[in-house]
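Participant: File query_20.txt below, compact mmCIF, C-alpha atoms:
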# COMPACT_ATOMS: atom_id res chain seq x y z
CA MET A 1 88.97 111.74 10.20
CA LYS A 2 90.29 111.25 13.73
CA LYS A 3 88.25 114.21 14.97
CA GLN A 4 85.10 112.78 13.37
CA THR A 5 85.75 109.37 14.93
CA LEU A 6 86.30 110.97 18.36
CA LEU A 7 83.10 113.00 18.03
CA THR A 8 81.14 109.88 17.06
CA LEU A 9 82.60 107.99 20.03
CA ASN A 10 81.73 110.78 22.48
CA THR A 11 78.19 110.94 21.10
CA ALA A 12 77.79 107.18 21.46
CA ILE A 13 79.04 107.26 25.06
CA PHE A 14 76.65 110.11 25.96
CA ALA A 15 73.70 108.33 24.31
CA SER A 16 74.57 105.10 26.13
CA LEU A 17 74.64 106.85 29.49
CA LEU A 18 71.24 108.42 28.79
CA SER A 19 69.74 105.06 27.82
CA LEU A 20 71.16 103.38 30.92
CA SER A 21 69.74 106.10 33.14
CA ALA A 22 66.24 105.07 32.07
CA PHE A 23 66.68 101.91 34.18
CA ALA A 24 68.49 103.59 37.06
CA THR A 25 67.55 105.61 40.11
CA SER A 26 68.62 109.02 41.36
CA GLY A 27 71.34 109.03 43.98
CA PRO A 28 71.62 110.83 47.32
CA ASP A 29 71.60 114.59 46.77
CA HIS A 30 72.46 116.98 49.58
CA ARG A 31 70.38 120.17 49.50
CA SER A 32 72.55 123.21 50.18
CA PHE A 33 70.39 126.19 51.11
CA ARG A 34 73.05 128.61 49.88
CA ALA A 35 73.20 126.96 46.46
CA LEU A 36 69.43 126.54 46.13
CA ALA A 37 68.90 130.24 46.88
CA MET A 38 70.93 131.12 43.77
CA GLY A 39 69.17 128.66 41.51
CA ASN A 40 71.40 125.71 42.48
CA ALA A 41 74.01 127.06 40.04
CA PHE A 42 77.02 126.23 42.17
CA VAL A 43 79.41 123.80 40.45
CA ALA A 44 81.89 126.60 39.62
CA VAL A 45 81.29 128.70 42.78
CA VAL A 46 82.14 126.03 45.43
CA ASP A 47 84.29 128.28 47.65
CA ASP A 48 83.22 126.80 51.01
CA LYS A 49 82.11 123.55 52.70
CA ASP A 50 79.42 122.97 50.06
CA ALA A 51 82.20 121.95 47.68
CA MET A 52 81.80 118.55 49.37
CA TYR A 53 78.35 118.22 47.81
CA TYR A 54 78.72 120.00 44.46
CA ASN A 55 82.34 119.81 43.28
CA THR A 56 85.18 118.41 45.37
CA ALA A 57 87.73 120.48 43.42
CA GLY A 58 86.39 123.54 45.25
CA LEU A 59 88.15 122.40 48.43
CA ASN A 60 91.26 123.89 46.87
CA LEU A 61 89.66 127.36 47.08
CA ILE A 62 89.22 127.27 50.88
CA ASN A 63 91.93 129.42 52.48
CA SER A 64 93.12 130.33 48.97
CA LEU A 65 90.63 133.04 48.10
CA GLY A 66 91.60 136.17 50.01
CA ASN A 67 95.01 134.73 50.93
CA PRO A 68 97.77 136.92 49.39
CA SER A 69 100.54 134.43 50.18
CA SER A 70 98.72 131.54 48.51
CA ARG A 71 96.86 133.23 45.65
CA PRO A 72 98.02 136.84 45.09
CA ASP A 73 95.74 137.13 42.06
CA LEU A 74 92.68 136.45 44.26
CA ALA A 75 93.79 138.38 47.35
CA ALA A 76 90.90 140.88 47.21
CA TYR A 77 88.28 138.22 47.94
CA PRO A 78 86.86 137.28 51.37
CA ARG A 79 89.04 134.70 53.13
CA ASP A 80 87.54 131.50 54.50
CA ARG A 81 90.19 129.61 56.48
CA PHE A 82 88.07 126.54 57.23
CA ASP A 83 84.46 125.48 57.80
CA LEU A 84 83.01 123.44 60.65
CA GLN A 85 79.21 123.33 60.74
CA TRP A 86 76.49 121.20 62.26
CA ASP A 87 73.09 121.50 60.63
CA VAL A 88 70.92 121.01 63.69
CA VAL A 89 67.70 120.72 61.73
CA GLY A 90 66.46 121.61 58.28
CA LEU A 91 62.76 121.47 57.44
CA SER A 92 61.17 121.72 54.00
CA GLY A 93 57.66 121.44 52.64
CA PRO A 94 54.98 123.02 50.45
CA TRP A 95 53.81 126.02 52.45
CA GLY A 96 50.52 126.47 50.57
CA LYS A 97 49.49 122.83 50.83
CA GLY A 98 50.62 122.69 54.43
CA TRP A 99 48.55 125.72 55.41
CA ASP A 100 45.46 124.32 53.67
CA THR A 101 45.97 120.95 55.36
CA TYR A 102 46.17 122.65 58.76
CA HIS A 103 42.87 124.47 58.17
CA PHE A 104 41.21 121.25 57.02
CA TYR A 105 42.36 119.35 60.11
CA ASN A 106 41.43 122.21 62.42
CA LYS A 107 37.90 122.18 61.01
CA HIS A 108 37.39 118.41 61.20
CA GLN A 109 39.65 117.34 64.07
CA ASN A 110 36.71 116.20 66.22
CA SER A 111 35.67 113.80 63.45
CA PHE A 112 38.92 111.89 63.80
CA SER A 113 38.26 110.96 67.43
CA ASP A 114 36.26 107.82 66.47
CA PHE A 115 34.68 106.17 63.43
CA ASP A 116 31.10 107.25 64.24
CA SER A 117 32.08 110.92 64.36
CA LEU A 118 33.91 110.51 61.06
CA ARG A 119 30.88 108.91 59.42
CA ASN A 120 28.53 111.63 60.65
CA ASP A 121 30.62 114.55 59.38
CA GLN A 122 28.48 115.90 56.53
CA THR A 123 31.11 118.14 54.93
CA LEU A 124 34.16 115.89 55.26
CA PHE A 125 34.01 114.39 51.75
CA SER A 126 33.50 117.69 49.97
CA ASP A 127 36.30 119.34 51.92
CA LEU A 128 38.57 116.39 51.14
CA THR A 129 38.30 116.90 47.36
CA PRO A 130 41.30 119.28 46.99
CA PHE A 131 43.48 116.83 48.96
CA ASP A 132 42.35 113.62 47.27
CA ARG A 133 45.53 111.56 46.53
CA ASN A 134 47.56 114.79 46.48
CA PRO A 135 50.74 113.98 48.44
CA LEU A 136 52.09 116.50 50.91
CA GLY A 137 55.88 116.27 50.56
CA VAL A 138 57.80 117.07 53.74
CA GLY A 139 61.57 116.84 54.24
CA VAL A 140 63.95 116.81 57.21
CA GLN A 141 67.73 116.95 57.00
CA ASP A 142 70.73 117.34 59.27
CA GLY A 143 74.45 116.83 59.00
CA LEU A 144 77.97 117.62 60.14
CA VAL A 145 80.75 118.85 57.85
CA PHE A 146 84.37 119.90 58.22
CA ALA A 147 86.24 121.44 55.28
CA MET A 148 89.67 123.01 54.95
CA HIS A 149 92.18 123.64 52.18
CA ASN A 150 92.24 120.51 49.98
CA PHE A 151 90.38 118.27 52.44
CA GLY A 152 86.84 117.68 53.67
CA VAL A 153 84.71 115.13 55.52
CA ALA A 154 80.93 115.12 56.01
CA THR A 155 78.09 112.97 57.23
CA TRP A 156 74.44 113.81 56.62
CA ALA A 157 70.93 112.41 56.47
CA ASP A 158 67.98 113.46 54.38
CA ALA A 159 64.44 112.15 54.93
CA GLU A 160 61.42 112.84 52.73
CA VAL A 161 57.88 111.64 53.34
CA SER A 162 54.77 112.12 51.19
CA PRO A 163 51.57 111.49 53.18
CA TYR A 164 48.21 111.71 51.42
CA VAL A 165 44.49 111.15 51.91
CA ASP A 166 42.15 109.19 49.65
CA LYS A 167 38.40 109.86 49.71
CA GLY A 168 37.78 106.24 48.84
CA ILE A 169 34.45 104.83 47.67
CA LEU A 170 32.79 104.37 51.03
CA ILE A 171 35.25 105.54 53.68
CA PRO A 172 38.34 107.77 53.58
CA GLN A 173 41.82 106.33 53.72
CA ALA A 174 45.21 107.76 54.56
CA GLY A 175 48.64 106.63 53.55
CA VAL A 176 52.21 107.39 52.60
CA GLN A 177 53.05 107.44 48.91
CA ASN A 178 56.75 107.30 49.64
CA LEU A 179 59.08 107.59 52.62
CA GLN A 180 62.77 107.77 51.77
CA VAL A 181 65.69 108.16 54.15
CA ASP A 182 69.24 108.64 52.83
CA GLY A 183 72.23 108.41 55.13
CA VAL A 184 75.60 109.41 53.63
CA PHE A 185 79.25 109.61 54.69
CA GLN A 186 81.72 111.52 52.48
CA ILE A 187 85.44 112.19 52.43
CA ALA A 188 87.29 114.12 49.74
CA GLY A 189 90.56 115.74 48.78
CA ALA A 190 91.69 118.25 46.17
CA ARG A 191 94.84 119.68 44.67
CA GLY A 192 95.84 122.68 42.59
CA LEU A 193 97.85 122.22 39.39
CA LEU A 194 99.37 124.44 36.71
CA ASP A 195 100.07 127.28 39.15
CA ASN A 196 96.57 126.78 40.61
CA LYS A 197 94.86 127.55 37.31
CA LEU A 198 93.47 124.02 37.48
CA SER A 199 92.02 122.33 40.56
CA VAL A 200 91.03 118.68 40.71
CA GLY A 201 89.13 116.83 43.42
CA VAL A 202 88.28 113.23 44.25
CA GLY A 203 85.80 112.06 46.85
CA TYR A 204 84.38 108.83 48.21
CA ARG A 205 80.86 108.38 49.54
CA LEU A 206 79.14 105.60 51.43
CA ALA A 207 75.33 105.69 51.33
CA ASN A 208 72.32 103.80 52.61
CA ARG A 209 68.73 104.28 51.47
CA GLN A 210 65.61 102.96 53.17
CA GLN A 211 62.17 103.30 51.57
CA ILE A 212 58.53 102.62 52.33
CA SER A 213 56.11 102.95 49.41
CA ASN A 214 52.32 102.98 49.20
CA TYR A 215 51.60 102.35 52.87
CA GLN A 216 47.89 102.83 53.53
CA ILE A 217 45.38 102.55 56.37
CA SER A 218 41.61 102.86 56.34
CA ALA A 219 39.65 105.35 58.41
CA SER A 220 37.83 102.37 59.93
CA ASP A 221 41.13 101.41 61.58
CA ILE A 222 40.80 104.49 63.80
CA SER A 223 38.78 102.31 66.17
CA GLN A 224 41.85 100.04 66.49
CA PRO A 225 44.74 102.48 67.02
CA ASP A 226 46.93 99.92 68.81
CA THR A 227 46.84 97.66 65.74
CA VAL A 228 47.78 100.52 63.42
CA ILE A 229 50.63 101.71 65.63
CA GLN A 230 52.02 98.17 65.93
CA ALA A 231 51.90 97.69 62.15
CA ILE A 232 53.81 100.95 61.61
CA LYS A 233 56.39 99.96 64.24
CA ASP A 234 56.92 96.57 62.59
CA THR A 235 57.48 98.21 59.20
CA LEU A 236 59.96 100.74 60.59
CA ASN A 237 61.83 98.07 62.55
CA ASN A 238 62.25 96.02 59.37
CA LYS A 239 63.74 99.05 57.64
CA LEU A 240 66.08 99.74 60.54
CA ASP A 241 67.29 96.15 60.38
CA GLY A 242 68.04 96.72 56.69
CA ALA A 243 70.15 99.76 57.58
CA LYS A 244 72.35 97.50 59.73
CA ASN A 245 73.14 95.23 56.77
CA PHE A 246 76.39 96.51 55.26
CA GLY A 247 75.57 94.74 52.00
CA ASP A 248 72.78 97.26 51.46
CA TYR A 249 75.22 100.20 51.41
CA GLY A 250 76.29 101.85 48.18
CA ASN A 251 79.81 103.03 47.38
CA ALA A 252 80.69 105.71 44.87
CA LEU A 253 83.31 108.15 43.64
CA ASP A 254 82.89 111.90 43.20
CA LEU A 255 85.12 113.66 40.67
CA GLY A 256 85.48 117.39 40.12
CA VAL A 257 87.52 119.96 38.20
CA LEU A 258 87.79 123.76 38.29
CA TRP A 259 89.53 126.02 35.78
CA GLN A 260 90.38 129.60 36.80
CA GLN A 261 90.24 131.38 33.45
CA THR A 262 90.81 134.84 34.94
CA ASN A 263 90.67 136.24 38.46
CA GLU A 264 86.93 136.80 37.84
CA VAL A 265 85.85 133.78 35.77
CA ARG A 266 85.84 130.09 36.72
CA PHE A 267 84.58 127.00 34.91
CA GLY A 268 83.65 123.83 36.75
CA ALA A 269 82.44 120.28 36.17
CA SER A 270 81.57 117.43 38.52
CA LEU A 271 80.56 113.78 38.26
CA GLU A 272 78.96 112.41 41.43
CA ASN A 273 77.70 109.00 42.57
CA LEU A 274 79.90 107.28 40.00
CA GLY A 275 79.61 103.49 40.27
CA MET A 276 76.96 103.47 43.01
CA TYR A 277 74.29 100.82 43.50
CA LEU A 278 71.53 101.39 46.05
CA ASN A 279 69.21 98.55 47.04
CA HIS A 280 70.49 96.56 44.06
CA LYS A 281 69.64 99.33 41.59
CA PRO A 282 72.22 101.32 39.61
CA VAL A 283 72.37 105.04 40.37
CA THR A 284 72.57 107.51 37.50
CA PRO A 285 75.80 109.54 37.91
CA LYS A 286 75.09 113.24 38.39
CA PHE A 287 77.05 115.15 35.75
CA THR A 288 77.00 118.96 35.96
CA VAL A 289 78.99 121.68 34.18
CA GLY A 290 78.91 125.42 34.76
CA THR A 291 80.64 128.76 35.06
CA ALA A 292 80.87 131.48 37.71
CA TYR A 293 81.59 135.17 37.39
CA THR A 294 82.84 137.05 40.45
CA PRO A 295 83.26 140.74 39.54
CA LEU A 296 86.43 141.87 41.28
CA ILE A 297 85.21 145.44 41.73
CA LEU A 298 82.40 144.16 44.00
CA GLN A 299 84.54 141.86 46.17
CA SER A 300 86.07 142.95 49.44
CA GLY A 301 88.32 141.30 52.03
CA GLY A 302 89.17 142.23 55.59
CA ARG A 303 86.78 142.99 58.41
CA LEU A 304 83.97 144.17 56.12
CA SER A 305 84.40 141.38 53.61
CA ARG A 306 81.92 141.00 50.79
CA LYS A 307 81.40 138.49 48.02
CA VAL A 308 79.22 138.66 44.90
CA ASN A 309 78.78 135.61 42.64
CA LEU A 310 76.89 135.09 39.41
CA ALA A 311 76.62 131.57 38.01
CA LEU A 312 75.17 129.41 35.25
CA ASP A 313 74.96 125.59 35.37
CA PHE A 314 73.73 122.73 33.24
CA GLU A 315 72.74 120.28 35.98
CA ASP A 316 72.38 116.49 36.14
CA LEU A 317 72.72 116.03 32.38
CA PHE A 318 72.48 112.21 32.39
CA ASN A 319 69.21 112.02 34.35
CA ASN A 320 66.01 111.60 32.33
CA ASP A 321 63.44 110.97 35.08
CA ASN A 322 59.87 111.60 33.88
CA ASN A 323 61.01 112.40 30.35
CA TYR A 324 64.16 114.33 29.43
CA LYS A 325 63.44 118.05 29.81
CA PRO A 326 66.36 120.18 28.52
CA LEU A 327 65.09 123.39 30.11
CA SER A 328 64.94 121.68 33.51
CA LYS A 329 68.72 121.26 33.36
CA ILE A 330 69.43 125.01 33.27
CA ASP A 331 70.22 126.76 36.57
CA MET A 332 71.27 130.38 37.01
CA GLY A 333 71.54 132.79 39.90
CA ILE A 334 73.26 135.53 41.86
CA GLU A 335 74.23 135.95 45.50
CA VAL A 336 75.54 138.77 47.68
CA GLU A 337 77.12 138.23 51.10
CA GLN A 338 78.19 141.02 53.44
CA ASN A 339 80.14 140.42 56.65
CA LEU A 340 80.42 142.78 59.61
CA TRP A 341 83.60 141.65 61.37
CA TRP A 342 82.86 138.45 63.27
CA LEU A 343 79.58 139.85 64.59
CA MET A 344 77.22 139.19 61.72
CA SER A 345 76.96 138.09 58.09
CA VAL A 346 74.02 138.47 55.72
CA ARG A 347 73.57 136.55 52.48
CA LEU A 348 70.87 137.11 49.85
CA GLY A 349 70.41 134.98 46.75
CA GLY A 350 68.04 134.63 43.83
CA GLY A 351 67.79 132.83 40.53
CA PHE A 352 66.04 130.21 38.43
CA LYS A 353 66.29 126.43 38.80
CA GLY A 354 64.84 124.38 35.97
CA GLY A 355 62.59 127.24 34.85
CA TYR A 356 61.25 128.15 38.31
CA TRP A 357 62.33 131.04 40.50
CA THR A 358 64.39 130.55 43.64
CA ALA A 359 65.19 132.94 46.48
CA GLY A 360 66.84 132.71 49.86
CA ALA A 361 68.48 134.52 52.74
CA GLY A 362 70.98 133.59 55.42
CA LEU A 363 71.91 135.29 58.69
CA GLY A 364 75.07 134.42 60.62
CA LEU A 365 75.63 135.60 64.20
CA PHE A 366 79.00 135.72 66.00
CA SER A 367 80.46 133.12 63.61
CA ALA A 368 78.59 130.55 65.69
CA VAL A 369 74.94 130.38 64.58
CA ARG A 370 73.46 130.49 61.09
CA ILE A 371 69.77 130.69 60.16
CA GLU A 372 68.73 130.16 56.53
CA ALA A 373 65.48 130.26 54.58
CA VAL A 374 64.98 129.37 50.93
CA SER A 375 62.32 128.56 48.36
CA TRP A 376 62.65 126.59 45.14
CA ALA A 377 60.46 124.40 42.93
CA ASP A 378 60.76 120.98 41.33
CA GLU A 379 58.98 119.95 38.14
CA GLY A 380 56.15 117.54 38.86
CA GLY A 381 55.05 117.06 35.25
CA TYR A 382 56.42 115.84 31.95
CA TYR A 383 57.55 119.19 30.58
CA THR A 384 58.99 122.35 32.07
CA GLY A 385 56.26 124.56 33.48
CA GLN A 386 53.55 121.89 33.67
CA ILE A 387 53.34 121.27 37.44
CA GLU A 388 55.22 123.45 39.92
CA ASN A 389 56.05 121.71 43.20
CA ARG A 390 57.00 124.77 45.26
CA VAL A 391 59.07 124.10 48.40
CA PHE A 392 59.82 126.41 51.33
CA ALA A 393 62.57 125.46 53.77
CA VAL A 394 64.40 126.71 56.86
CA ASN A 395 67.64 125.54 58.44
CA VAL A 396 69.38 126.25 61.75
CA ALA A 397 73.09 125.47 62.01
CA ILE A 398 75.87 125.82 64.56
CA GLY A 399 79.38 126.65 63.38
CA ASN A 400 81.14 129.05 61.07
Rewrite the coordinates I just gave you, this time as structure tokens.
Facilitator:
Amino acid sequence: MKKQTLLTLNTAIFASLLSLSAFATSGPDHRSFRALAMGNAFVAVVDDKDAMYYNTAGLNLINSLGNPSSRPDLAAYPRDRFDLQWDVVGLSGPWGKGWDTYHFYNKHQNSFSDFDSLRNDQTLFSDLTPFDRNPLGVGVQDGLVFAMHNFGVATWADAEVSPYVDKGILIPQAGVQNLQVDGVFQIAGARGLLDNKLSVGVGYRLANRQQISNYQISASDISQPDTVIQAIKDTLNNKLDGAKNFGDYGNALDLGVLWQQTNEVRFGASLENLGMYLNHKPVTPKFTVGTAYTPLILQSGGRLSRKVNLALDFEDLFNNDNNYKPLSKIDMGIEVEQNLWWLMSVRLGGGFKGGYWTAGAGLGLFSAVRIEAVSWADEGGYYTGQIENRVFAVNVAIGN
């Protein structure tokens, strides 16, 4: 009877969280290129600085894996003593759409010099058809993170903008469907329990979000560029003033756990953005569970260290944006990283995120510079496989 009552209570709590998420917004979500390469299945991997973003309990693994004095059972793994990295710039966008947009602009660039040239372009409207109200999503991110055994601190910003063109009835128009800028500060700690079989982590994050939605100008305004530029400046200045208002900042807790079942199998769970409000809207907590398998026979420590991870996650289970799609919650992937002393490291990853393939590669040089490239896709429709929003991204970072 007690078990049945407990099951009913858990079901009611889960259903309540799902219903509340229908009136909430998604919180700040840092995009780790390493995790995205392997399908974003990372909640039980978390053996480096990215534990700050996926599962704070993973901070306990830093300088534990590959450390015979700390964890003799995991001594054969690569050792990561600490992480200090500055993401100088990360760029993301739809490569196919971007290339088509470049060709369109290159063909018609003379028509945008003044309104008369625009009006006299005979092929402009027909060439605009594939782009009509089809946003071109572009992202920029940077950040700084320091992580060591049981402690981490990070600050990062992520900006996404979705410009579009509208053929209009008489004259074309251009606009921005959405511009969103997230700025986040995080600090977290972790601890190992039960002879390090269990790791727990707690983090705090402070976030600010500024948005501009449905901003549009007409092609006829091309003849008055000073007016357009001033209007854009006024809008941006208003948003910057909002970023200075501390009352507009959101506060949240991040909670994480890891269970080391064997020296090859880990289970993990995290709950992020717990209790956050952004711009007076509640944020749906991001709840993710998963497992990682690290075959010991493929791991190697020392100067030629190597790591191989396989993982499976059920991601963001409380979020039901654009209809609840169970298959979109499933992430899986694999990664292989090979180090050559301190001279070079190469990482390759692949997997599936929400039903779409992911792949990525990273190159580290002299433990000082890292270059990464990755591709993934987000679902743009109401069911898995309806509309693939494919993204290609690159990142350049300084640090180890």
Participant: Show me, as a VMD selection string, the residues that have an atom within 12 Å of Ala35 (chain A) when counting all atoms listed in the file, minus same-chain residues fewer than 5 positions from it.
Facilitator: chain A and resid 30 40 to 51 53 to 54 309 to 313 331 to 335 347 to 353 358 to 362 372 to 376
Participant: Neighbours of region 74-84 of chain A within 9 Å (all atoms listed in the file; same-chain residues fewer than 5 positions away dropped), as JSON, numbers by chain?
Facilitator: {"A": [47, 48, 49, 61, 62, 63, 64, 65, 66, 67, 68, 69, 144, 145, 146, 147, 148, 149, 263, 264, 296, 299, 300, 301, 302, 304, 305, 306, 307, 398, 399, 400]}
Participant: What does the distance between CA of Gly152 (chain A) and CA of Val396 (chain A) come to in Å, to one decimal place?
Facilitator: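 Rounded to one decimal, the two atoms are 21.1 Å apart.
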Participant: Mind giving me the straight-line distance from CA of Ile212 (chain A) to CA of Asp182 (chain A) in Å, one decimal?
Facilitator: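 Computing the Euclidean distance for CA of Ile212 (chain A) and CA of Asp182 (chain A) yields 12.3 Å.
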Participant: I'd like the interatomic distance between CA of Leu206 (chain A) and CA of Phe314 (chain A), to a tenth of an Å.
Facilitator: 25.6 Å
Participant: Which polymer residues have any atom within 12 Å of an atom of Asn251 (chain A), counting all atoms listed in the file, with same-chain residues fewer than 2 positions away left out, as JSON, numbers by chain?
Facilitator: {"A": [27, 28, 184, 185, 186, 187, 203, 204, 205, 206, 207, 208, 209, 246, 247, 248, 249, 253, 254, 272, 273, 274, 275, 276, 277, 278, 279, 280, 282, 283]}
Participant: I'd like to know which of A:Gly256, A:Pro326, A:Gly364, A:Gly192 is closest to Asn339 (chain A), using only C-alpha atoms.
Facilitator: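 Looking only at the distances to Asn339 (chain A), the closest residue turns out to be A:Gly364.
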Participant: Taking all atoms listed in the file into account, name the residue in A:Ser270, A:Asn55, A:Gln85, A:Ser126 that is nearest to Trp156 (chain A).
Facilitator: A:Gln85
Participant: Go through A:Leu136, A:Ala57, A:Val200, A:Val265 one by one, measure the shortest atom-to-atom distance of each to Thr101 (chain A) using all atoms listed in the file, and give the residue with the smallest value.
Facilitator: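 Nearest candidate to Thr101 (chain A) out of A:Leu136, A:Ala57, A:Val200, A:Val265: A:Leu136.
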Participant: Rank A:Ser328, A:Ser199, A:Ser367, A:Ser26 by their smallest atom-to-atom distance to Ala269 (chain A), using only C-alpha atoms, and report the top residue only.
Facilitator: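 Of the candidates, the smallest distance to Ala269 (chain A) is held by A:Ser199.
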Participant: Report as a list in words all protein, DNA and RNA residues lying within 8 Å of Lys197 (chain A), evaluated on all atoms listed in the file, omitting residues in the same chain fewer than 2 positions from it.
Facilitator: Gly192, Leu193, Leu194, Asp195, Ser199, Trp259, Gln260 and Gln261 of chain A
